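Each remark here refers to the structure printed beneath this line.
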Amino acid sequence: ATAYIDVRLAQRRLAVARANVAIQRGGLTYASDRHEAGLVPGLDIAQAESSIATTEATIPSLEVDLDRAIYRLAVLLGSPIAPLREELAEVRPIPLAPAEIATGLPVNLIRNRPDLRAAERSLAAETARIGVAEADLYPSFDLSAALGQQALELGDLFDGGARRWSVGVNSFTNVFNFGGVQANVKAQEARARQALTRYEQTLLLSIEEVEAAMTAQRRERRRAEALRRAVAANERSGDFSEKLYRGGEVDFQNLRDTQRTLLDVQDQLAVSEATIAKNMVTLFLALGGSWDADEDLLR
């Protein structure tokens, strides 16, 4: 899941970088026109070209990130790279996580974690073995019965009077090994206490992972919302800066800073949205499985 998210994140970041190159090329066109008209110095052209080159320099590394994500996904799927690359060629959005998480739900779902269930069963088994060890402190009884034929003469062996039966009770006790039995009981009690400690530790770690995942998810959502507002504000600022620059009211540095900031916040927003999706994957793992937000069911 995280490998697939990385694929879509790399595609999104590439799209952002390429879109900003197009925007910056527009700024270069404006600077060239104004320079030819003698309205601005050649510095504006140099700054515009610098911005374009800087943004273009990020594209190869983003393409490498995309290739690595596809390679990783291909390995996980056991799929050849070429058909998978073709299948993922169409740019798709980063997967969206559920907007809300039902209150109190993780407390119920955490019981499905395999490590917690294993620790609980181990504790139950060790506790049961205490009873087995304690049973050796008491005598055990064996009820036996025998049925046969008995006669003085061979010819009388199969007569009805030759039939004999007996019932007996045997008693066994570890009285001569009483100290060893007590030591075994204490050893088993110690093993049970160790199993209880492991169970408690596993439970606490499970709760920690769930709470940490939920906290990270809530805070990253707030960060993403702030970044969306920043993107919208920078897009408006870019439009204003472009108009003001074309009208000669601001210098090119102002337009360049606006374009650079827009690229930065758009890239941060893409990473934040991918982080939200990955945090949900982490929460699924912490809960021991996937969660259907609509039905409150573990699947």
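By order in the structure tokens, chains are A, B, ...; within a chain, residues start at 1; ligands start at 1, following the order shown.
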
task = Show which residues sit within 12 Å of Val75 of chain A, as a PyMOL selection string. Count only C-alpha atoms, and ignore same-chain residues fewer than 5 positions away.
result = chain A and resi 3-4+68-70+80-81+84

Export, as a JSON list (two decimals), in the first residue's frame, the selected residues with all heavy atoms.
```json
[["chain", "number", "residue", "atom", "x", "y", "z"],
["A", 3, "ALA", "N", 3.92, 1.47, -1.02],
["A", 3, "ALA", "CA", 4.64, 1.55, -2.29],
["A", 3, "ALA", "C", 3.75, 2.16, -3.37],
["A", 3, "ALA", "O", 4.22, 2.98, -4.18],
["A", 3, "ALA", "CB", 5.11, 0.16, -2.72],
["A", 4, "TYR", "N", 2.49, 1.78, -3.39],
["A", 4, "TYR", "CA", 1.56, 2.37, -4.36],
["A", 4, "TYR", "C", 1.37, 3.86, -4.09],
["A", 4, "TYR", "O", 1.35, 4.68, -5.02],
["A", 4, "TYR", "CB", 0.21, 1.66, -4.29],
["A", 4, "TYR", "CG", -0.83, 2.27, -5.19],
["A", 4, "TYR", "CD1", -0.81, 2.04, -6.56],
["A", 4, "TYR", "CD2", -1.81, 3.10, -4.68],
["A", 4, "TYR", "CE1", -1.74, 2.61, -7.40],
["A", 4, "TYR", "CE2", -2.76, 3.68, -5.51],
["A", 4, "TYR", "CZ", -2.72, 3.44, -6.87],
["A", 4, "TYR", "OH", -3.65, 4.02, -7.69],
["A", 68, "ARG", "N", 11.83, 4.07, -8.70],
["A", 68, "ARG", "CA", 12.08, 3.23, -7.53],
["A", 68, "ARG", "C", 10.77, 2.73, -6.92],
["A", 68, "ARG", "O", 10.68, 1.57, -6.50],
["A", 68, "ARG", "CB", 12.87, 4.02, -6.49],
["A", 68, "ARG", "CG", 14.34, 4.21, -6.84],
["A", 68, "ARG", "CD", 15.03, 5.08, -5.82],
["A", 68, "ARG", "NE", 16.46, 5.19, -6.09],
["A", 68, "ARG", "CZ", 17.27, 6.04, -5.47],
["A", 68, "ARG", "NH1", 16.79, 6.85, -4.53],
["A", 68, "ARG", "NH2", 18.57, 6.10, -5.78],
["A", 69, "ALA", "N", 9.78, 3.59, -6.87],
["A", 69, "ALA", "CA", 8.48, 3.19, -6.31],
["A", 69, "ALA", "C", 7.84, 2.10, -7.16],
["A", 69, "ALA", "O", 7.27, 1.14, -6.64],
["A", 69, "ALA", "CB", 7.57, 4.40, -6.19],
["A", 70, "ILE", "N", 7.94, 2.23, -8.47],
["A", 70, "ILE", "CA", 7.37, 1.21, -9.36],
["A", 70, "ILE", "C", 8.15, -0.09, -9.22],
["A", 70, "ILE", "O", 7.56, -1.18, -9.17],
["A", 70, "ILE", "CB", 7.37, 1.71, -10.81],
["A", 70, "ILE", "CG1", 6.39, 2.88, -10.98],
["A", 70, "ILE", "CG2", 7.01, 0.58, -11.77],
["A", 70, "ILE", "CD1", 6.38, 3.50, -12.36],
["A", 80, "PRO", "N", 6.29, -8.41, -13.52],
["A", 80, "PRO", "CA", 7.30, -7.78, -14.37],
["A", 80, "PRO", "C", 7.13, -6.26, -14.35],
["A", 80, "PRO", "O", 6.01, -5.74, -14.23],
["A", 80, "PRO", "CB", 7.01, -8.35, -15.76],
["A", 80, "PRO", "CG", 6.26, -9.63, -15.50],
["A", 80, "PRO", "CD", 5.47, -9.39, -14.26],
["A", 81, "ILE", "N", 8.23, -5.56, -14.49],
["A", 81, "ILE", "CA", 8.19, -4.11, -14.36],
["A", 81, "ILE", "C", 7.49, -3.44, -15.54],
["A", 81, "ILE", "O", 6.70, -2.51, -15.36],
["A", 81, "ILE", "CB", 9.62, -3.56, -14.20],
["A", 81, "ILE", "CG1", 10.22, -4.05, -12.88],
["A", 81, "ILE", "CG2", 9.63, -2.03, -14.26],
["A", 81, "ILE", "CD1", 11.65, -3.67, -12.68],
["A", 84, "LEU", "N", 3.64, -3.39, -15.47],
["A", 84, "LEU", "CA", 3.20, -2.61, -14.32],
["A", 84, "LEU", "C", 3.40, -1.12, -14.57],
["A", 84, "LEU", "O", 2.54, -0.29, -14.25],
["A", 84, "LEU", "CB", 3.96, -3.04, -13.07],
["A", 84, "LEU", "CG", 3.54, -2.33, -11.78],
["A", 84, "LEU", "CD1", 2.08, -2.61, -11.45],
["A", 84, "LEU", "CD2", 4.44, -2.76, -10.62]]
```

ask   = Quick one: residues within 7 Å of segment 206-221 of chain A, only C-alpha atoms counted, chain neighbours fewer than 2 positions away excluded, as a PyMOL selection string?
value = chain A and resi 202-204+223-225+272+276+279+282-283+286-287

inquiry  = Using only C-alpha atoms, which protein or nucleic acid residues come within 12 Å of segment 19-27 of chain A? Drop anything in the same chain fewer than 3 positions from it, and give the result as an MDAnalysis selection string.
reply    = chainID A and resid 12:16 30:34 44:59 235 238:239 241:243 245:246 251:267

message = Among segment 11-125 of chain A, which residues does DSSP mark as alpha helix (DSSP H) when it is run on the backbone? Keep the chain and numbering as in the structure and answer as a ChimeraX atom specification.
response = /A:11-36,42-77,81-87,105-109,114-125

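Proximity to Glu126 of chain A at 12 Å, evaluated using only C-alpha atoms and with sequence-adjacent residues fewer than 4 positions away removed, yields A:Ala119, A:Glu120, A:Arg121, A:Ser122, A:Ile130, A:Gly131, A:Val132, A:Ala133, A:Val185, A:Ala187, A:Gln188, A:Glu189, A:Ala190, A:Arg191, A:Ala192, A:Arg193, A:Gln194, A:Ala195, A:Leu196, A:Arg198, A:Tyr199.
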
Keeping only N, CA, C and O atoms, write the selected residues as an mmCIF file, in the first residue's frame.
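That gives us result-v9.cif:
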```cif
data_model
loop_
_atom_site.group_PDB
_atom_site.id
_atom_site.type_symbol
_atom_site.label_atom_id
_atom_site.label_comp_id
_atom_site.auth_asym_id
_atom_site.auth_seq_id
_atom_site.Cartn_x
_atom_site.Cartn_y
_atom_site.Cartn_z
ATOM 1 N N ALA A 119 -0.020 -13.425 22.521
ATOM 2 C CA ALA A 119 0.399 -13.226 23.910
ATOM 3 C C ALA A 119 -0.694 -13.669 24.880
ATOM 4 O O ALA A 119 -0.411 -14.254 25.931
ATOM 5 N N GLU A 120 -1.956 -13.401 24.524
ATOM 6 C CA GLU A 120 -3.071 -13.800 25.382
ATOM 7 C C GLU A 120 -3.187 -15.314 25.464
ATOM 8 O O GLU A 120 -3.390 -15.888 26.531
ATOM 9 N N ARG A 121 -3.028 -15.994 24.317
ATOM 10 C CA ARG A 121 -3.106 -17.462 24.313
ATOM 11 C C ARG A 121 -1.927 -18.079 25.062
ATOM 12 O O ARG A 121 -2.061 -19.101 25.727
ATOM 13 N N SER A 122 -0.755 -17.454 24.952
ATOM 14 C CA SER A 122 0.419 -17.939 25.688
ATOM 15 C C SER A 122 0.187 -17.820 27.189
ATOM 16 O O SER A 122 0.527 -18.733 27.956
ATOM 17 N N ILE A 130 -0.088 -24.363 35.385
ATOM 18 C CA ILE A 130 0.031 -24.310 36.848
ATOM 19 C C ILE A 130 -0.869 -25.371 37.468
ATOM 20 O O ILE A 130 -0.471 -26.093 38.395
ATOM 21 N N GLY A 131 -2.081 -25.474 36.963
ATOM 22 C CA GLY A 131 -2.996 -26.492 37.472
ATOM 23 C C GLY A 131 -2.473 -27.893 37.244
ATOM 24 O O GLY A 131 -2.617 -28.778 38.110
ATOM 25 N N VAL A 132 -1.845 -28.098 36.093
ATOM 26 C CA VAL A 132 -1.267 -29.414 35.811
ATOM 27 C C VAL A 132 -0.157 -29.741 36.799
ATOM 28 O O VAL A 132 -0.059 -30.864 37.319
ATOM 29 N N ALA A 133 0.693 -28.752 37.078
ATOM 30 C CA ALA A 133 1.792 -28.968 38.017
ATOM 31 C C ALA A 133 1.265 -29.189 39.430
ATOM 32 O O ALA A 133 1.781 -30.043 40.180
ATOM 33 N N VAL A 185 5.889 -26.470 40.616
ATOM 34 C CA VAL A 185 4.736 -25.559 40.690
ATOM 35 C C VAL A 185 5.215 -24.108 40.719
ATOM 36 O O VAL A 185 4.689 -23.239 40.005
ATOM 37 N N ALA A 187 8.055 -22.920 39.636
ATOM 38 C CA ALA A 187 8.651 -22.578 38.343
ATOM 39 C C ALA A 187 7.565 -22.250 37.319
ATOM 40 O O ALA A 187 7.694 -21.304 36.536
ATOM 41 N N GLN A 188 6.484 -23.039 37.348
ATOM 42 C CA GLN A 188 5.408 -22.779 36.395
ATOM 43 C C GLN A 188 4.695 -21.477 36.708
ATOM 44 O O GLN A 188 4.277 -20.751 35.808
ATOM 45 N N GLU A 189 4.555 -21.177 38.003
ATOM 46 C CA GLU A 189 3.966 -19.885 38.383
ATOM 47 C C GLU A 189 4.833 -18.730 37.892
ATOM 48 O O GLU A 189 4.318 -17.694 37.455
ATOM 49 N N ALA A 190 6.142 -18.908 37.958
ATOM 50 C CA ALA A 190 7.053 -17.866 37.456
ATOM 51 C C ALA A 190 6.895 -17.701 35.940
ATOM 52 O O ALA A 190 6.896 -16.572 35.427
ATOM 53 N N ARG A 191 6.743 -18.816 35.222
ATOM 54 C CA ARG A 191 6.536 -18.732 33.773
ATOM 55 C C ARG A 191 5.222 -18.014 33.466
ATOM 56 O O ARG A 191 5.139 -17.243 32.504
ATOM 57 N N ALA A 192 4.208 -18.269 34.263
ATOM 58 C CA ALA A 192 2.923 -17.597 34.050
ATOM 59 C C ALA A 192 3.048 -16.095 34.290
ATOM 60 O O ALA A 192 2.461 -15.290 33.562
ATOM 61 N N ARG A 193 3.819 -15.727 35.330
ATOM 62 C CA ARG A 193 4.033 -14.295 35.579
ATOM 63 C C ARG A 193 4.786 -13.644 34.424
ATOM 64 O O ARG A 193 4.506 -12.508 34.034
ATOM 65 N N GLN A 194 5.766 -14.372 33.865
ATOM 66 C CA GLN A 194 6.483 -13.849 32.699
ATOM 67 C C GLN A 194 5.531 -13.670 31.516
ATOM 68 O O GLN A 194 5.593 -12.665 30.793
ATOM 69 N N ALA A 195 4.644 -14.651 31.317
ATOM 70 C CA ALA A 195 3.675 -14.548 30.221
ATOM 71 C C ALA A 195 2.736 -13.371 30.441
ATOM 72 O O ALA A 195 2.357 -12.674 29.500
ATOM 73 N N LEU A 196 2.358 -13.128 31.704
ATOM 74 C CA LEU A 196 1.497 -11.987 32.009
ATOM 75 C C LEU A 196 2.212 -10.675 31.720
ATOM 76 O O LEU A 196 1.627 -9.741 31.155
ATOM 77 N N ARG A 198 4.629 -10.232 29.536
ATOM 78 C CA ARG A 198 4.710 -10.091 28.076
ATOM 79 C C ARG A 198 3.370 -9.632 27.506
ATOM 80 O O ARG A 198 3.328 -8.792 26.596
ATOM 81 N N TYR A 199 2.294 -10.173 28.018
ATOM 82 C CA TYR A 199 0.967 -9.769 27.542
ATOM 83 C C TYR A 199 0.717 -8.293 27.838
ATOM 84 O O TYR A 199 0.239 -7.546 26.965
#
```

query = Between atom CA of Ala1 of chain A and atom CA of Lys278 of chain A, what is the spacing in Å?
reply =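 If I compute the distance from atom CA of Lys278 of chain A to atom CA of Ala1 of chain A, I get 8.0 Å.
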
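Between atom CA of Ser79 of chain A and atom CA of Pro114 of chain A there is a distance of 28.4 Å.
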
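Comparing A:Ile110, A:Pro95, A:Glu87, A:Gly247 by their smallest distance to Glu273 of chain A, the closest is A:Pro95 (using only C-alpha atoms).
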